[in-house]
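All remarks here apply to the structure that follows.
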Amino acid sequence: MSERPCIAVIGGGLTGLAAVHRLSELSAEQDQLINVTLFEASDRLGGVFGTRHINGHVVETGADSFITNKPWAVDLCDRLGLGDQLIGTNPAYQRSLILHEGKPVVTPEGFELLLPRKLRALLASPLLSHEGKIRVAAEPFVPPKTDQSDESLASFVRRRFGQEMLDRIVQPMVGGIYTADPEHLSMQATLPRFARRERDYGSLLRSVWAERGSDESKADEELDNPSGISGARYGLFASLKEGMSQLLDALTVSAQRSAKVAMNVAVAFIQLMPDGGYDIELSNGEKQSFDAVILALPAHHSGRLVKPWDSTLAERLLQIPYASSAIVVSAHRMEDVEHPVDAFGLVIPHVEGRRILAVSFLSRKFEGRSPEGTIQLRTFVGGAMQPELLDQPDDAIYAMVREELQDILGVRGKPIFEIMARYERAMPQYHVGHLDLVEDIDRLTSLHDCFAIAGNAYRGVGLPDSIHSGEEAAERTIATLFA
Ligand SMILES: Cc1cc2nc3c(=O)[nH]c(=O)nc-3n(C[C@H](O)[C@H](O)[C@H](O)COP(=O)(O)OP(=O)(O)OC[C@H]3O[C@@H](n4cnc5c(N)ncnc54)[C@H](O)[C@@H]3O)c2cc1C
């Protein structure tokens with residue numbers, strides 16, 4: 001190893017940038033000198049993440065916010081000096097809508113992804129038929145699953161609350177987050193706290209009744225938030241005043257200060273050297289040597305790079321499926337929209353037979369995103385359940401989205417602008433058995449010295465998870481280099 005260990009971080013999305021920033025923090029804290037190179041295949045940093053400013057609108061082409069009960073994004077913003085730039089959601093529109101028989105209906109009060117915390121509100125809602133409501137109310141009498149094996153979200157909800165609740169409410173709400181098919185989505189990897197409720201109380205509804213007056217909901221939150229820091233400062237979701245790119249810009253400045261940033265160069269090949277270290281071949285033919293490597297890429301890219309020297313690890317990485325999606329962002333004059341769009345967004349059950357997955361009302365969710373008298377909509381297309389829609393050319397997708405928005409929300413006339421971002425194989429799918437697969441990946445990765453894999457394919461799909469994963473990879477790398 002050279003006097004100053006050389007570390008390659010491959011992939012300049014949020015995960016890679018978070019890793020580079022953490023490496024620079026640790027190097028300063030521990031007074032250890034390192035040389036870091038960040039490789040990014042495209043001509044911009046940020047990956048599936050970015051903000052554009054169009055005619056006075058702050059437009060997010062990727063993530064529009066992040067959850068705050070996982071502390072890592074808020075923490076990073078604080079450390080980057082962006083704490084005073086964080087904004088919470090607008091309480092005036094704090095509710096969501098579900099499409100039901102062609103009409104947007106308000107989600108029953110207290111409904112949490114698959115848990116009706118206020119049963120009466122659900123029973124009063126038009127979202128379920130009489131029979132569907134009876135089935136939900138019978139949940140406390142459904143015997144609990146006796147083993148602790150993983151199961152799909154669909155199987156869990158069908159068992160506990162019945163098919164109608166799955167089809168009409170849970171599939172669109174959870175599918176909207178993971179762009180996933182609930183028949184495959186792993187309960188243990190995505191929503192373990194609900195499985196825990198069944199295990200501990202025998203019933204989800206009984207768990208809600210038991211905790212009335214106790215502090216159980218807080219305990220639930222803490223189980224998903226090991227550091228115990230809560231997001232109370234901003235509500236459940238936060239963003240940044242000028243858009244999510246404020247975070248990207250601050251991380252870019254940090255990377256440019258502390259590392260060599262190589263843009264427009266893909267890492268084409270990595271070779272594990274017999275005496276330790278890694279030789280990297282770039283898309284431009286250049287070769288470089290490193291003491292340590294952090295792969296901050298989608299799992300299918302990592303799998304390809306690992307394949308020549310660890311086919312078992314590569315095979316595991318390539319087993320993680322991905323879904324593709326597109327977001328059409330459009331802005332409209334309020335007078336062109338019949339519906340009051342008085343919510344954060346609308347999700348659409350697959351059984352409604354529509355060609356869009358969800359619409360996020362960005363300028364309702366966060367203040368300052370669009371000029372007065374206008375509304376900004378982010379319409380999601382594709383995902384694991386409708387991949388074929390993405391085979392269409394851009395023009396056809398724009399036309400399809402316009403038709404659906406007109407039908408569902410009464411959006412008429414020409415939009416002020418509309419843009420589309422396509423994300424091919426960008427959303428990892430946590431299928432049943434995902435946690436076992438990830439444990440295997442961790443074990444196989446740890447067999448290689450000074451080598452780490454990070455990203456949103458393993459232990460959480462959101463931005464805070466990506467950041468955490470990148471930071472942990474940096475910490476492991478420094479710990480092994482200076483052991
Ligand atoms: C449509 C969409 C909406 C989302 N919305 C939200 C949201 O609202 N809130 C939230 O918390 N999360 C959201 N997410 C998830 C979040 O955006 C991701 O978890 C996060 O951005 C992933 O970052 P990453 O760096 O791991 O991966 P990526 O962003 O995919 O970055 C990987 C980078 O690696 C580069 N690369 C690939 N191959 C190579 C190579 N061989 N050599 C060098 N570079 C390479 C790519 O060009 C890319 O820049 C969303 C995701 C999507 C797809």
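The chains in the structure tokens are called A, B, ... from first to last as shown; in each chain the residues are counted from 1, and the ligands are counted from 1 in the order shown.
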Give as a ChimeraX atom specification the residues surrounding ligand 1 up to a distance of 7 Å, considering only C-alpha atoms and all ligand atoms.
/A:10-16,39-42,45-49,62-67,265-268,296-298,301,325-327,423,426-427,455-456,461-466
Show which residues sit within 12 Å of Leu119 of chain A, as a PyMOL selection string. Count only C-alpha atoms, and ignore same-chain residues fewer than 3 positions away.
chain A and resi 108-112+114-116+122-125+133-134+136-140+161+204-206+208-209
What's around Trp309 of chain A at 9 Å? Count only C-alpha atoms, leave out sequence neighbours fewer than 5 positions away in its own chain, and write the answer as a ChimeraX atom specification.
/A:270-272,314
Would you kindly return, as a ChimeraX atom specification, each protein, DNA or RNA residue with an atom no farther than 7 Å from any atom of Ser330 of chain A, considering only C-alpha atoms and excluding same-chain residues fewer than 6 positions away?
/A:376-378,415,417-419
Members of segment 357-444 of chain A assigned strand (DSSP E or B) by DSSP, as a VMD selection string:
chain A and resid 358 to 361 374 to 382 411 417 to 428 431
Just the alpha helix (DSSP H) stuff from segment 276-419 of chain A, please, per backbone DSSP, written as number ranges by chain.
A: 299-306, 311-318, 362-365, 394-409
Please write the residues from the selection above to a file, keeping C-alpha atoms, as a PDB file, in the first residue's frame.
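Here's the written file again_30.pdb:
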ATOM      1  CA  ALA A 299     -26.643  -3.863  -8.168  1.00  0.00           C
ATOM      2  CA  HIS A 300     -26.752  -4.957 -11.823  1.00  0.00           C
ATOM      3  CA  HIS A 301     -23.792  -2.671 -12.634  1.00  0.00           C
ATOM      4  CA  SER A 302     -21.868  -3.859  -9.556  1.00  0.00           C
ATOM      5  CA  GLY A 303     -22.576  -7.474 -10.531  1.00  0.00           C
ATOM      6  CA  ARG A 304     -21.100  -6.948 -13.981  1.00  0.00           C
ATOM      7  CA  LEU A 305     -17.883  -5.419 -12.572  1.00  0.00           C
ATOM      8  CA  VAL A 306     -17.427  -8.137  -9.944  1.00  0.00           C
ATOM      9  CA  SER A 311     -18.876 -15.082 -10.008  1.00  0.00           C
ATOM     10  CA  THR A 312     -20.867 -16.123  -6.907  1.00  0.00           C
ATOM     11  CA  LEU A 313     -21.076 -12.556  -5.594  1.00  0.00           C
ATOM     12  CA  ALA A 314     -21.894 -11.340  -9.108  1.00  0.00           C
ATOM     13  CA  GLU A 315     -24.672 -13.897  -9.405  1.00  0.00           C
ATOM     14  CA  ARG A 316     -26.204 -12.742  -6.090  1.00  0.00           C
ATOM     15  CA  LEU A 317     -26.013  -9.074  -7.115  1.00  0.00           C
ATOM     16  CA  LEU A 318     -27.646  -9.826 -10.449  1.00  0.00           C
ATOM     17  CA  LEU A 362     -45.489  18.946  -5.704  1.00  0.00           C
ATOM     18  CA  SER A 363     -46.490  22.589  -5.277  1.00  0.00           C
ATOM     19  CA  ARG A 364     -49.090  21.561  -2.664  1.00  0.00           C
ATOM     20  CA  LYS A 365     -46.619  19.384  -0.798  1.00  0.00           C
ATOM     21  CA  ASP A 394     -41.897  10.125 -25.526  1.00  0.00           C
ATOM     22  CA  ASP A 395     -44.720  11.767 -27.524  1.00  0.00           C
ATOM     23  CA  ALA A 396     -47.051   8.841 -26.842  1.00  0.00           C
ATOM     24  CA  ILE A 397     -46.276   8.941 -23.100  1.00  0.00           C
ATOM     25  CA  TYR A 398     -46.928  12.696 -22.930  1.00  0.00           C
ATOM     26  CA  ALA A 399     -50.249  12.214 -24.741  1.00  0.00           C
ATOM     27  CA  MET A 400     -51.214   9.299 -22.484  1.00  0.00           C
ATOM     28  CA  VAL A 401     -50.449  11.313 -19.323  1.00  0.00           C
ATOM     29  CA  ARG A 402     -52.430  14.307 -20.614  1.00  0.00           C
ATOM     30  CA  GLU A 403     -55.450  12.077 -21.319  1.00  0.00           C
ATOM     31  CA  GLU A 404     -55.290  10.475 -17.875  1.00  0.00           C
ATOM     32  CA  LEU A 405     -54.887  13.821 -16.075  1.00  0.00           C
ATOM     33  CA  GLN A 406     -57.837  15.230 -17.995  1.00  0.00           C
ATOM     34  CA  ASP A 407     -60.003  12.239 -17.144  1.00  0.00           C
ATOM     35  CA  ILE A 408     -59.068  11.971 -13.479  1.00  0.00           C
ATOM     36  CA  LEU A 409     -58.418  15.564 -12.363  1.00  0.00           C
TER      37      LEU A 409
END
Between A:Glu424, A:Glu439, A:Ile7, A:Leu357, which residue has the minimum interatomic distance to Gln288 of chain A, considering only C-alpha atoms?
A:Ile7
Which one is closest to Glu471 of chain A: A:Leu248, A:Leu127, A:Ala454, A:Val58? Count only C-alpha atoms.
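Closest to Glu471 of chain A of all the choices is A:Ala454.
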I need the residue nearest Gln429 of chain A from this list: A:Leu153, A:Ile280, A:Leu185, A:Val351. Use only C-alpha atoms for the distance.
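Among the listed residues, the smallest separation from Gln429 of chain A belongs to A:Leu185.
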Determine the nearest neighbour of Thr480 of chain A from the options A:Thr374, A:Gln148, A:Thr68, A:Ser446, counting only C-alpha atoms.
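The shortest atom-to-atom distance to Thr480 of chain A comes from A:Ser446.
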All residues 9 Å or closer to Met165 of chain A, only C-alpha atoms, same chain fewer than 2 positions away omitted, as a PyMOL selection string
chain A and resi 114+127-128+132-133+135-136+157-158+161-163+167-171
Nearest residue to Gly373 of chain A from the set A:Glu151, A:Glu25, A:Asp336, A:Glu211 (distances using only C-alpha atoms)
A:Asp336
Give me the residues near segment 383-388 of chain A as a PDB file with C-alpha atoms, in the first residue's frame, where near means some atom within 7 Å (using only C-alpha atoms) and where sequence neighbours in that chain fewer than 5 positions away do not count.
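Result file follows (result_10.pdb):
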ATOM      1  CA  THR A 179     -43.095   0.966  -7.872  1.00  0.00           C
ATOM      2  CA  ALA A 180     -43.501  -2.703  -7.007  1.00  0.00           C
ATOM      3  CA  ASP A 181     -45.801  -5.669  -7.460  1.00  0.00           C
ATOM      4  CA  ALA A 323     -38.171  -1.836 -12.228  1.00  0.00           C
ATOM      5  CA  SER A 324     -38.158   1.046 -14.685  1.00  0.00           C
ATOM      6  CA  SER A 325     -40.333   4.121 -14.512  1.00  0.00           C
TER       7      SER A 325
END
Residue with smallest distance to Arg333 of chain A - pool A:Leu346, A:Thr379, A:Arg412, A:Val293, counting only C-alpha atoms
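Ranking A:Leu346, A:Thr379, A:Arg412, A:Val293 by distance to Arg333 of chain A, first place goes to A:Arg412.
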